[in-house]
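Listing of query.csv, CSV, C-alpha atoms and all ligand atoms
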chain,number,residue,atom,x,y,z
A,1,MET,CA,-19.1,-23.1,-66.3
A,2,GLY,CA,-15.7,-24.9,-66.4
A,3,VAL,CA,-12.7,-24.1,-68.4
A,4,SER,CA,-12.0,-26.6,-71.2
A,5,ARG,CA,-8.3,-27.5,-71.0
A,6,SER,CA,-8.1,-27.9,-74.7
A,7,THR,CA,-9.6,-24.4,-75.3
A,8,ILE,CA,-6.8,-22.9,-73.1
A,9,ARG,CA,-4.1,-24.9,-74.8
A,10,GLY,CA,-5.6,-24.1,-78.2
A,11,GLY,CA,-5.1,-20.4,-78.5
A,12,MET,CA,-5.1,-16.9,-77.2
A,13,ALA,CA,-8.2,-15.5,-78.9
A,14,SER,CA,-9.7,-13.6,-76.1
A,15,VAL,CA,-8.3,-11.5,-73.3
A,16,SER,CA,-9.4,-14.0,-70.7
A,17,GLU,CA,-7.6,-16.8,-72.5
A,18,PHE,CA,-4.6,-14.5,-72.8
A,19,LEU,CA,-4.5,-13.9,-69.1
A,20,LEU,CA,-5.0,-17.6,-68.4
A,21,GLY,CA,-2.1,-18.4,-70.7
A,22,LYS,CA,0.1,-15.8,-69.1
A,23,LYS,CA,-1.0,-16.9,-65.6
A,24,MET,CA,-1.6,-13.3,-64.5
A,25,ILE,CA,-3.7,-13.8,-61.4
A,26,VAL,CA,-5.5,-10.6,-60.4
A,27,ALA,CA,-5.9,-9.8,-56.7
A,28,LYS,CA,-9.1,-7.8,-56.1
A,29,SER,CA,-9.2,-4.5,-54.3
A,30,GLN,CA,-11.6,-4.0,-51.4
A,31,LYS,CA,-13.9,-2.1,-53.7
A,32,ASP,CA,-13.9,-4.9,-56.3
A,33,MET,CA,-14.5,-7.5,-53.5
A,34,GLU,CA,-17.7,-5.7,-52.5
A,35,LYS,CA,-18.9,-6.1,-56.1
A,36,MET,CA,-17.9,-9.8,-56.0
A,37,ARG,CA,-19.9,-10.2,-52.8
A,38,ALA,CA,-23.0,-8.6,-54.4
A,39,VAL,CA,-23.0,-10.7,-57.5
A,40,GLY,CA,-22.1,-13.8,-55.5
A,41,GLU,CA,-25.1,-13.3,-53.3
A,42,LEU,CA,-27.4,-12.7,-56.3
A,43,ILE,CA,-26.4,-15.8,-58.2
A,44,ALA,CA,-26.7,-17.8,-54.9
A,45,GLU,CA,-30.3,-16.6,-54.6
A,46,VAL,CA,-30.9,-17.8,-58.2
A,47,ARG,CA,-29.3,-21.2,-57.5
A,48,GLU,CA,-31.5,-21.8,-54.3
A,49,THR,CA,-34.6,-20.7,-56.2
A,50,LEU,CA,-33.9,-23.2,-58.9
A,51,ARG,CA,-33.1,-25.9,-56.4
A,52,ALA,CA,-36.5,-25.4,-54.8
A,53,MET,CA,-38.2,-25.7,-58.3
A,54,VAL,CA,-36.7,-29.0,-59.2
A,55,THR,CA,-39.4,-31.7,-59.2
A,56,PRO,CA,-40.6,-34.4,-61.5
A,57,GLY,CA,-42.4,-32.9,-64.5
A,58,ILE,CA,-40.6,-29.5,-64.7
A,59,SER,CA,-38.5,-29.0,-67.8
A,60,THR,CA,-35.0,-27.5,-67.9
A,61,LEU,CA,-36.3,-24.8,-70.2
A,62,GLU,CA,-38.6,-23.7,-67.4
A,63,LEU,CA,-35.7,-23.6,-65.0
A,64,ASN,CA,-33.6,-21.7,-67.5
A,65,ALA,CA,-36.3,-19.1,-68.0
A,66,ALA,CA,-36.7,-18.6,-64.2
A,67,ALA,CA,-33.0,-18.1,-63.8
A,68,GLU,CA,-32.8,-15.6,-66.7
A,69,LYS,CA,-35.7,-13.6,-65.4
A,70,MET,CA,-34.3,-13.4,-61.8
A,71,MET,CA,-30.9,-12.2,-63.2
A,72,ARG,CA,-32.4,-9.6,-65.5
A,73,ASP,CA,-34.9,-8.4,-62.8
A,74,ALA,CA,-31.9,-7.8,-60.5
A,75,GLY,CA,-30.2,-5.7,-63.2
A,76,ALA,CA,-27.7,-8.5,-64.0
A,77,VAL,CA,-26.7,-10.1,-67.3
A,78,PRO,CA,-26.7,-13.9,-67.7
A,79,THR,CA,-23.0,-14.4,-68.4
A,80,PHE,CA,-23.4,-17.7,-70.2
A,81,ILE,CA,-25.7,-16.5,-73.0
A,82,GLY,CA,-23.5,-15.9,-76.1
A,83,TYR,CA,-20.4,-17.1,-74.3
A,84,ALA,CA,-18.1,-18.3,-77.1
A,85,PRO,CA,-14.5,-19.3,-76.5
A,86,ARG,CA,-12.4,-19.7,-79.5
A,87,GLY,CA,-13.9,-22.0,-82.1
A,88,MET,CA,-17.1,-22.5,-80.2
A,89,VAL,CA,-20.6,-21.7,-81.1
A,90,PRO,CA,-22.1,-19.2,-78.7
A,91,PHE,CA,-23.8,-20.9,-75.7
A,92,PRO,CA,-27.5,-20.2,-76.0
A,93,PHE,CA,-28.8,-20.4,-72.4
A,94,ALA,CA,-28.6,-18.6,-69.0
A,95,ILE,CA,-27.9,-21.9,-67.2
A,96,CYS,CA,-26.1,-25.1,-68.1
A,97,ALA,CA,-28.6,-27.9,-67.3
A,98,SER,CA,-26.9,-31.3,-67.3
A,99,VAL,CA,-29.1,-34.3,-66.6
A,100,ASN,CA,-27.8,-37.7,-65.4
A,101,GLU,CA,-24.8,-38.7,-67.6
A,102,GLN,CA,-24.4,-35.1,-68.8
A,103,VAL,CA,-21.4,-33.7,-67.0
A,104,VAL,CA,-21.5,-30.0,-67.8
A,105,HIS,CA,-22.7,-27.5,-70.5
A,106,GLY,CA,-26.0,-29.2,-71.1
A,107,PHE,CA,-28.7,-27.5,-73.1
A,108,SER,CA,-32.1,-26.8,-71.7
A,109,THR,CA,-35.0,-28.7,-73.3
A,110,GLU,CA,-38.7,-29.1,-73.1
A,111,LYS,CA,-38.3,-32.7,-71.8
A,112,PRO,CA,-39.7,-33.0,-68.3
A,113,LEU,CA,-37.4,-34.2,-65.6
A,114,GLU,CA,-38.3,-37.6,-64.3
A,115,GLU,CA,-38.3,-39.2,-60.8
A,116,GLY,CA,-34.9,-40.6,-60.2
A,117,ASP,CA,-33.0,-38.2,-62.4
A,118,ILE,CA,-30.3,-35.9,-61.2
A,119,ILE,CA,-29.9,-32.4,-62.6
A,120,SER,CA,-26.7,-30.3,-62.4
A,121,MET,CA,-27.4,-26.6,-62.8
A,122,ASP,CA,-24.5,-24.3,-63.5
A,123,MET,CA,-25.1,-20.6,-63.7
A,124,ALA,CA,-23.3,-17.2,-63.7
A,125,CYS,CA,-24.3,-13.6,-64.0
A,126,THR,CA,-22.5,-10.3,-64.3
A,127,LEU,CA,-23.5,-7.4,-62.0
A,128,ASN,CA,-21.7,-4.0,-62.0
A,129,GLY,CA,-18.9,-5.5,-64.1
A,130,PHE,CA,-18.2,-8.6,-61.9
A,131,VAL,CA,-19.1,-12.2,-62.3
A,132,GLY,CA,-20.4,-14.8,-59.9
A,133,ASP,CA,-20.4,-18.5,-60.9
A,134,THR,CA,-22.0,-21.4,-59.0
A,135,ALA,CA,-23.3,-24.9,-59.7
A,136,THR,CA,-25.3,-27.6,-57.8
A,137,THR,CA,-26.6,-31.1,-58.5
A,138,VAL,CA,-30.1,-31.8,-57.3
A,139,PRO,CA,-32.0,-35.1,-57.1
A,140,VAL,CA,-35.3,-35.2,-58.8
A,141,GLY,CA,-37.7,-36.9,-56.5
A,142,THR,CA,-36.4,-40.2,-55.1
A,143,VAL,CA,-33.0,-41.1,-56.3
A,144,ASP,CA,-30.9,-44.2,-55.8
A,145,ASP,CA,-28.6,-44.2,-52.8
A,146,ASP,CA,-25.4,-44.6,-54.8
A,147,VAL,CA,-26.3,-41.6,-56.9
A,148,LEU,CA,-27.1,-39.5,-53.7
A,149,GLN,CA,-23.7,-40.5,-52.4
A,150,LEU,CA,-22.0,-39.3,-55.6
A,151,ILE,CA,-23.7,-35.9,-55.1
A,152,ARG,CA,-22.8,-35.8,-51.4
A,153,VAL,CA,-19.1,-36.6,-52.0
A,154,THR,CA,-18.9,-34.0,-54.8
A,155,GLU,CA,-20.1,-31.4,-52.3
A,156,GLU,CA,-17.7,-32.6,-49.7
A,157,CYS,CA,-14.8,-32.3,-52.2
A,158,LEU,CA,-15.9,-28.7,-52.9
A,159,GLY,CA,-15.8,-28.1,-49.1
A,160,PHE,CA,-12.4,-29.6,-48.7
A,161,ALA,CA,-11.1,-27.6,-51.7
A,162,ILE,CA,-12.5,-24.3,-50.3
A,163,GLU,CA,-10.7,-25.0,-47.0
A,164,GLN,CA,-7.4,-24.7,-48.9
A,165,CYS,CA,-8.2,-21.2,-50.2
A,166,ARG,CA,-5.9,-19.5,-47.7
A,167,PRO,CA,-2.9,-17.2,-48.2
A,168,ASN,CA,0.3,-19.2,-48.7
A,169,ARG,CA,-1.3,-22.4,-49.6
A,170,ARG,CA,-0.8,-23.5,-53.2
A,171,LEU,CA,-3.1,-24.3,-56.1
A,172,GLY,CA,-1.9,-27.9,-55.9
A,173,ASP,CA,-3.3,-28.1,-52.4
A,174,ILE,CA,-6.8,-27.3,-53.8
A,175,GLY,CA,-6.6,-30.0,-56.5
A,176,TRP,CA,-5.2,-32.6,-54.0
A,177,ALA,CA,-8.1,-31.9,-51.6
A,178,VAL,CA,-10.6,-32.9,-54.3
A,179,GLN,CA,-8.6,-35.8,-55.7
A,180,GLU,CA,-7.9,-37.4,-52.3
A,181,HIS,CA,-11.5,-37.5,-51.3
A,182,ALA,CA,-12.9,-38.4,-54.7
A,183,GLU,CA,-10.5,-41.3,-55.2
A,184,LYS,CA,-11.2,-42.6,-51.7
A,185,HIS,CA,-14.7,-43.2,-53.0
A,186,GLY,CA,-13.5,-44.6,-56.3
A,187,TYR,CA,-15.1,-41.9,-58.5
A,188,GLY,CA,-13.8,-40.7,-61.8
A,189,ILE,CA,-12.5,-37.1,-61.6
A,190,VAL,CA,-13.2,-35.1,-64.7
A,191,ARG,CA,-9.9,-33.7,-65.9
A,192,ASP,CA,-11.0,-32.1,-69.2
A,193,TYR,CA,-12.6,-29.2,-67.4
A,194,THR,CA,-11.3,-27.2,-64.5
A,195,GLY,CA,-12.2,-24.4,-62.1
A,196,HIS,CA,-10.8,-21.0,-62.7
A,197,GLY,CA,-10.0,-17.5,-61.4
A,198,ILE,CA,-13.0,-15.2,-61.7
A,199,GLY,CA,-13.6,-11.4,-61.5
A,200,ARG,CA,-14.4,-9.0,-64.3
A,201,ARG,CA,-14.4,-12.0,-66.5
A,202,MET,CA,-15.8,-15.4,-65.9
A,203,HIS,CA,-12.6,-17.2,-66.8
A,204,GLU,CA,-9.5,-15.6,-65.4
A,205,ALA,CA,-6.2,-17.1,-64.4
A,206,PRO,CA,-5.4,-19.5,-62.9
A,207,GLN,CA,-6.9,-22.8,-64.1
A,208,ILE,CA,-7.8,-24.8,-61.0
A,209,PRO,CA,-7.8,-28.6,-61.8
A,210,ASN,CA,-9.6,-31.0,-59.6
A,211,TYR,CA,-6.4,-33.0,-59.0
A,212,GLY,CA,-2.9,-32.0,-58.1
A,213,ARG,CA,0.0,-32.5,-55.8
A,214,PRO,CA,0.1,-30.8,-52.4
A,215,GLY,CA,2.6,-27.9,-52.1
A,216,THR,CA,2.9,-27.4,-55.9
A,217,LYS,CA,1.9,-24.7,-58.3
A,218,GLU,CA,1.2,-21.0,-57.7
A,219,ARG,CA,1.1,-19.6,-54.2
A,220,ILE,CA,-2.4,-18.4,-53.1
A,221,ARG,CA,-2.7,-14.8,-51.9
A,222,ALA,CA,-5.3,-12.7,-50.3
A,223,GLY,CA,-7.6,-10.9,-52.8
A,224,TYR,CA,-7.7,-13.8,-55.2
A,225,CYS,CA,-11.1,-15.0,-56.3
A,226,PHE,CA,-11.6,-18.6,-57.5
A,227,ALA,CA,-14.5,-20.6,-59.0
A,228,ILE,CA,-13.9,-24.1,-57.6
A,229,GLU,CA,-15.9,-26.8,-59.3
A,230,PRO,CA,-15.3,-30.5,-58.8
A,231,MET,CA,-17.0,-32.7,-61.4
A,232,LEU,CA,-17.2,-36.4,-60.3
A,233,ASN,CA,-18.3,-39.4,-62.3
A,234,MET,CA,-19.8,-42.6,-60.9
A,235,GLY,CA,-17.6,-44.5,-63.4
A,236,THR,CA,-14.9,-43.5,-65.9
A,237,ALA,CA,-13.5,-40.0,-65.8
A,238,GLU,CA,-13.5,-39.9,-69.6
A,239,THR,CA,-16.0,-37.6,-71.3
A,240,LYS,CA,-17.1,-36.7,-74.8
A,241,THR,CA,-18.9,-33.7,-76.3
A,242,LEU,CA,-22.2,-34.2,-78.2
A,243,ALA,CA,-23.0,-32.9,-81.7
A,244,ASP,CA,-24.4,-29.6,-80.3
A,245,LYS,CA,-20.7,-28.8,-79.6
A,246,TRP,CA,-21.4,-28.0,-75.9
A,247,THR,CA,-23.0,-30.9,-74.0
A,248,VAL,CA,-20.4,-33.0,-72.2
A,249,VAL,CA,-21.4,-36.5,-71.3
A,250,THR,CA,-19.6,-39.4,-69.5
A,251,LEU,CA,-18.1,-41.9,-71.9
A,252,ASP,CA,-19.7,-44.8,-70.1
A,253,GLY,CA,-23.1,-43.2,-69.7
A,254,LYS,CA,-23.0,-43.3,-65.9
A,255,PRO,CA,-24.1,-40.3,-63.8
A,256,SER,CA,-22.0,-37.3,-63.1
A,257,ALA,CA,-22.3,-34.6,-60.4
A,258,HIS,CA,-21.0,-31.0,-60.2
A,259,ALA,CA,-20.7,-28.5,-57.4
A,260,GLU,CA,-19.3,-25.0,-57.6
A,261,HIS,CA,-18.8,-21.9,-55.5
A,262,THR,CA,-17.1,-18.6,-56.1
A,263,VAL,CA,-14.7,-18.1,-53.2
A,264,ALA,CA,-12.6,-15.1,-52.1
A,265,VAL,CA,-9.3,-15.6,-50.4
A,266,THR,CA,-9.0,-13.3,-47.4
A,267,ALA,CA,-6.2,-12.9,-44.8
A,268,GLU,CA,-8.5,-14.8,-42.4
A,269,GLY,CA,-9.2,-17.6,-44.8
A,270,PRO,CA,-11.8,-18.6,-47.4
A,271,GLU,CA,-15.0,-16.6,-47.9
A,272,ILE,CA,-17.7,-18.3,-49.9
A,273,LEU,CA,-19.2,-15.5,-52.1
A,274,THR,CA,-22.0,-17.6,-53.5
A,275,LEU,CA,-24.1,-18.0,-50.4
A,276,THR,CA,-27.6,-16.4,-50.0
A,277,LYS,CA,-28.3,-13.9,-47.2
A,278,GLU,CA,-30.0,-16.7,-45.3
A,279,GLN,CA,-27.1,-19.1,-45.7
A,280,LYS,CA,-24.6,-16.4,-44.5
A,281,ALA,CA,-26.8,-15.7,-41.4
A,282,LYS,CA,-26.8,-19.4,-40.5
A,283,ILE,CA,-23.0,-19.6,-40.7
A,284,ASN,CA,-22.7,-16.5,-38.5
A,285,ILE,CA,-25.0,-18.1,-35.9
A,286,SER,CA,-23.0,-21.3,-35.9
A,287,ASN,CA,-19.7,-19.4,-35.7
A,288,ALA,CA,-21.0,-17.4,-32.8
A,289,LYS,CA,-22.1,-20.6,-31.0
A,290,THR,CA,-18.7,-22.1,-31.6
A,291,ALA,CA,-17.0,-19.0,-30.2
A,292,ALA,CA,-19.2,-19.1,-27.1
A,293,THR,CA,-18.4,-22.7,-26.2
B,301,MG,MG,-17.1,-22.1,-63.4

Spell out the structure here as structure tokens.
Amino acid sequence: MGVSRSTIRGGMASVSEFLLGKKMIVAKSQKDMEKMRAVGELIAEVRETLRAMVTPGISTLELNAAAEKMMRDAGAVPTFIGYAPRGMVPFPFAICASVNEQVVHGFSTEKPLEEGDIISMDMACTLNGFVGDTATTVPVGTVDDDVLQLIRVTEECLGFAIEQCRPNRRLGDIGWAVQEHAEKHGYGIVRDYTGHGIGRRMHEAPQIPNYGRPGTKERIRAGYCFAIEPMLNMGTAETKTLADKWTVVTLDGKPSAHAEHTVAVTAEGPEILTLTKEQKAKINISNAKTAAT
């Protein structure tokens, strides 16, 4: 779930908003980092399970129910349920399910997904006091090539941004990595919602916009954990919020894609926390092959 820039500017109602406002970035201890790894792996398992369930005919309510069950069965709490930043009605679902022109924070419904749709699923859970946050956009059946490209470029932007999560880089480097790649493809970069620090709370300092200037903003240090989440629109970057007070849609009705990982900054570089055991094993094998050649 992204941070609304207007929410942050608007007030200091909660501790997390207070921390965001004061820009107190919390570096995690090794012990905390182990908990971040555990919750990251769990929410990644949920994400991959949902990805595999996406097919024409399934409803977002079914996806939401599956996610909530997996979280609770693992002893975790769905972080989104009841989440209510200042002035907001509490979010009612375990996942944000945003279809086609919906950018983020979409409500789950009984309406079946249709061939050619795309579905962005954003989810977070809290385990042993720490939060993991991840999102992915999945094609439903066969989808137009230009829409597939939007999804692919959004994922590439996430990858380039993660590459910047190293000690002594700056937050502006992360934003620039997304901006440069997205603009090369002519996509609208959503500016109303940003990535964020993450840990004991879902939204901690700093805000991490998907645009920026290289070499600017706070210095990145080992122990920081970030939720990086580019949101790219096929057309205009402008968005509006629907009457349910949560669902964000593109102003021009064109599709939007979202990809998010929770990432830890280590002395050696970025560590993606929201990978499944299987995904981590694959990376280890390919790293070993690279080392051997
Ligand atoms: Mg998030």

Contacts of Glu41 (chain A) at 8 Å (all atoms listed in the file; same-chain gap of 3+ positions) as a VMD selection string: chain A and resid 37 to 38 44 to 45 273 to 277

Atoms to include: C-alpha atoms. Write the selected residues as a CSV table (one decimal), in the coordinates of the input.
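Okay, result.csv is ready:
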chain,number,residue,atom,x,y,z
A,37,ARG,CA,-19.9,-10.2,-52.8
A,38,ALA,CA,-23.0,-8.6,-54.4
A,44,ALA,CA,-26.7,-17.8,-54.9
A,45,GLU,CA,-30.3,-16.6,-54.6
A,273,LEU,CA,-19.2,-15.5,-52.1
A,274,THR,CA,-22.0,-17.6,-53.5
A,275,LEU,CA,-24.1,-18.0,-50.4
A,276,THR,CA,-27.6,-16.4,-50.0
A,277,LYS,CA,-28.3,-13.9,-47.2

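Shortest separation to Tyr211 (chain A) among A:Arg72, A:His181, A:Lys35, A:His196 occurs at residue A:His181, atoms counted being all atoms listed in the file.
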
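In this comparison, which uses all atoms listed in the file, the residue of A:Ala84, A:Val249, A:Ala94, A:Met24 approaching Leu63 (chain A) most closely is A:Ala94.
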
Pick from A:Leu171, A:Val138, A:Ile198, A:Ala222, whichever lies nearest to Val54 (chain A) using all atoms listed in the file: A:Val138

Please write out the residues within 6 Å of ligand MG 301 (chain B) as a list in words, counting all atoms listed in the file. Met1, Gly2, Asp133, Gly195 and Ala227 of chain A

Using all atoms listed in the file, give me every residue within 8 Å of (-29.7, -19.6, -78.4) in file coordinates, as a PyMOL selection string. chain A and resi 81-82+90-93

Of the residues A:Phe160, A:Lys69, A:Gly116, A:Met121, which is the one nearest to Asp145 (chain A), using all atoms listed in the file? A:Gly116

Show which residues sit within 12 Å of Val153 (chain A), as a PDB file with C-alpha atoms, in the frame of the given file. Count only C-alpha atoms, and ignore same-chain residues fewer than 5 positions away.
ATOM      1  CA  THR A 137     -26.600 -31.100 -58.500  1.00  0.00           C
ATOM      2  CA  ASP A 146     -25.400 -44.600 -54.800  1.00  0.00           C
ATOM      3  CA  VAL A 147     -26.300 -41.600 -56.900  1.00  0.00           C
ATOM      4  CA  LEU A 148     -27.100 -39.500 -53.700  1.00  0.00           C
ATOM      5  CA  LEU A 158     -15.900 -28.700 -52.900  1.00  0.00           C
ATOM      6  CA  GLY A 159     -15.800 -28.100 -49.100  1.00  0.00           C
ATOM      7  CA  PHE A 160     -12.400 -29.600 -48.700  1.00  0.00           C
ATOM      8  CA  ALA A 177      -8.100 -31.900 -51.600  1.00  0.00           C
ATOM      9  CA  VAL A 178     -10.600 -32.900 -54.300  1.00  0.00           C
ATOM     10  CA  GLN A 179      -8.600 -35.800 -55.700  1.00  0.00           C
ATOM     11  CA  GLU A 180      -7.900 -37.400 -52.300  1.00  0.00           C
ATOM     12  CA  HIS A 181     -11.500 -37.500 -51.300  1.00  0.00           C
ATOM     13  CA  ALA A 182     -12.900 -38.400 -54.700  1.00  0.00           C
ATOM     14  CA  GLU A 183     -10.500 -41.300 -55.200  1.00  0.00           C
ATOM     15  CA  LYS A 184     -11.200 -42.600 -51.700  1.00  0.00           C
ATOM     16  CA  HIS A 185     -14.700 -43.200 -53.000  1.00  0.00           C
ATOM     17  CA  GLY A 186     -13.500 -44.600 -56.300  1.00  0.00           C
ATOM     18  CA  TYR A 187     -15.100 -41.900 -58.500  1.00  0.00           C
ATOM     19  CA  GLY A 188     -13.800 -40.700 -61.800  1.00  0.00           C
ATOM     20  CA  ILE A 189     -12.500 -37.100 -61.600  1.00  0.00           C
ATOM     21  CA  PRO A 230     -15.300 -30.500 -58.800  1.00  0.00           C
ATOM     22  CA  MET A 231     -17.000 -32.700 -61.400  1.00  0.00           C
ATOM     23  CA  LEU A 232     -17.200 -36.400 -60.300  1.00  0.00           C
ATOM     24  CA  ASN A 233     -18.300 -39.400 -62.300  1.00  0.00           C
ATOM     25  CA  MET A 234     -19.800 -42.600 -60.900  1.00  0.00           C
ATOM     26  CA  SER A 256     -22.000 -37.300 -63.100  1.00  0.00           C
ATOM     27  CA  ALA A 257     -22.300 -34.600 -60.400  1.00  0.00           C
ATOM     28  CA  HIS A 258     -21.000 -31.000 -60.200  1.00  0.00           C
ATOM     29  CA  ALA A 259     -20.700 -28.500 -57.400  1.00  0.00           C
TER      30      ALA A 259
END

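The closest residue to Ile208 (chain A), picked from A:Val39, A:Ala97, A:Leu113, A:Cys165 and counting all atoms listed in the file, is A:Cys165.
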
Which residues are close to Phe80 (chain A), i.e. within 12 Å by only C-alpha atoms, leaving aside same-chain residues fewer than 2 positions away? Reply as a PDB file with C-alpha atoms, keeping the file's coordinate frame.
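Contents of the output file selection_33.pdb:
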ATOM      1  CA  MET A   1     -19.100 -23.100 -66.300  1.00  0.00           C
ATOM      2  CA  GLY A   2     -15.700 -24.900 -66.400  1.00  0.00           C
ATOM      3  CA  ASN A  64     -33.600 -21.700 -67.500  1.00  0.00           C
ATOM      4  CA  ALA A  67     -33.000 -18.100 -63.800  1.00  0.00           C
ATOM      5  CA  GLU A  68     -32.800 -15.600 -66.700  1.00  0.00           C
ATOM      6  CA  MET A  71     -30.900 -12.200 -63.200  1.00  0.00           C
ATOM      7  CA  ALA A  76     -27.700  -8.500 -64.000  1.00  0.00           C
ATOM      8  CA  VAL A  77     -26.700 -10.100 -67.300  1.00  0.00           C
ATOM      9  CA  PRO A  78     -26.700 -13.900 -67.700  1.00  0.00           C
ATOM     10  CA  GLY A  82     -23.500 -15.900 -76.100  1.00  0.00           C
ATOM     11  CA  TYR A  83     -20.400 -17.100 -74.300  1.00  0.00           C
ATOM     12  CA  ALA A  84     -18.100 -18.300 -77.100  1.00  0.00           C
ATOM     13  CA  PRO A  85     -14.500 -19.300 -76.500  1.00  0.00           C
ATOM     14  CA  VAL A  89     -20.600 -21.700 -81.100  1.00  0.00           C
ATOM     15  CA  PRO A  90     -22.100 -19.200 -78.700  1.00  0.00           C
ATOM     16  CA  PHE A  91     -23.800 -20.900 -75.700  1.00  0.00           C
ATOM     17  CA  PRO A  92     -27.500 -20.200 -76.000  1.00  0.00           C
ATOM     18  CA  PHE A  93     -28.800 -20.400 -72.400  1.00  0.00           C
ATOM     19  CA  ALA A  94     -28.600 -18.600 -69.000  1.00  0.00           C
ATOM     20  CA  ILE A  95     -27.900 -21.900 -67.200  1.00  0.00           C
ATOM     21  CA  CYS A  96     -26.100 -25.100 -68.100  1.00  0.00           C
ATOM     22  CA  ALA A  97     -28.600 -27.900 -67.300  1.00  0.00           C
ATOM     23  CA  HIS A 105     -22.700 -27.500 -70.500  1.00  0.00           C
ATOM     24  CA  GLY A 106     -26.000 -29.200 -71.100  1.00  0.00           C
ATOM     25  CA  PHE A 107     -28.700 -27.500 -73.100  1.00  0.00           C
ATOM     26  CA  ASP A 122     -24.500 -24.300 -63.500  1.00  0.00           C
ATOM     27  CA  MET A 123     -25.100 -20.600 -63.700  1.00  0.00           C
ATOM     28  CA  ALA A 124     -23.300 -17.200 -63.700  1.00  0.00           C
ATOM     29  CA  CYS A 125     -24.300 -13.600 -64.000  1.00  0.00           C
ATOM     30  CA  THR A 126     -22.500 -10.300 -64.300  1.00  0.00           C
ATOM     31  CA  VAL A 131     -19.100 -12.200 -62.300  1.00  0.00           C
ATOM     32  CA  GLY A 132     -20.400 -14.800 -59.900  1.00  0.00           C
ATOM     33  CA  ASP A 133     -20.400 -18.500 -60.900  1.00  0.00           C
ATOM     34  CA  THR A 134     -22.000 -21.400 -59.000  1.00  0.00           C
ATOM     35  CA  ARG A 201     -14.400 -12.000 -66.500  1.00  0.00           C
ATOM     36  CA  MET A 202     -15.800 -15.400 -65.900  1.00  0.00           C
ATOM     37  CA  HIS A 203     -12.600 -17.200 -66.800  1.00  0.00           C
ATOM     38  CA  TRP A 246     -21.400 -28.000 -75.900  1.00  0.00           C
TER      39      TRP A 246
END

A:Ile162, A:Ala66, A:Val3, A:Ile151: which is nearest Met53 (chain A), counting only C-alpha atoms? A:Ala66
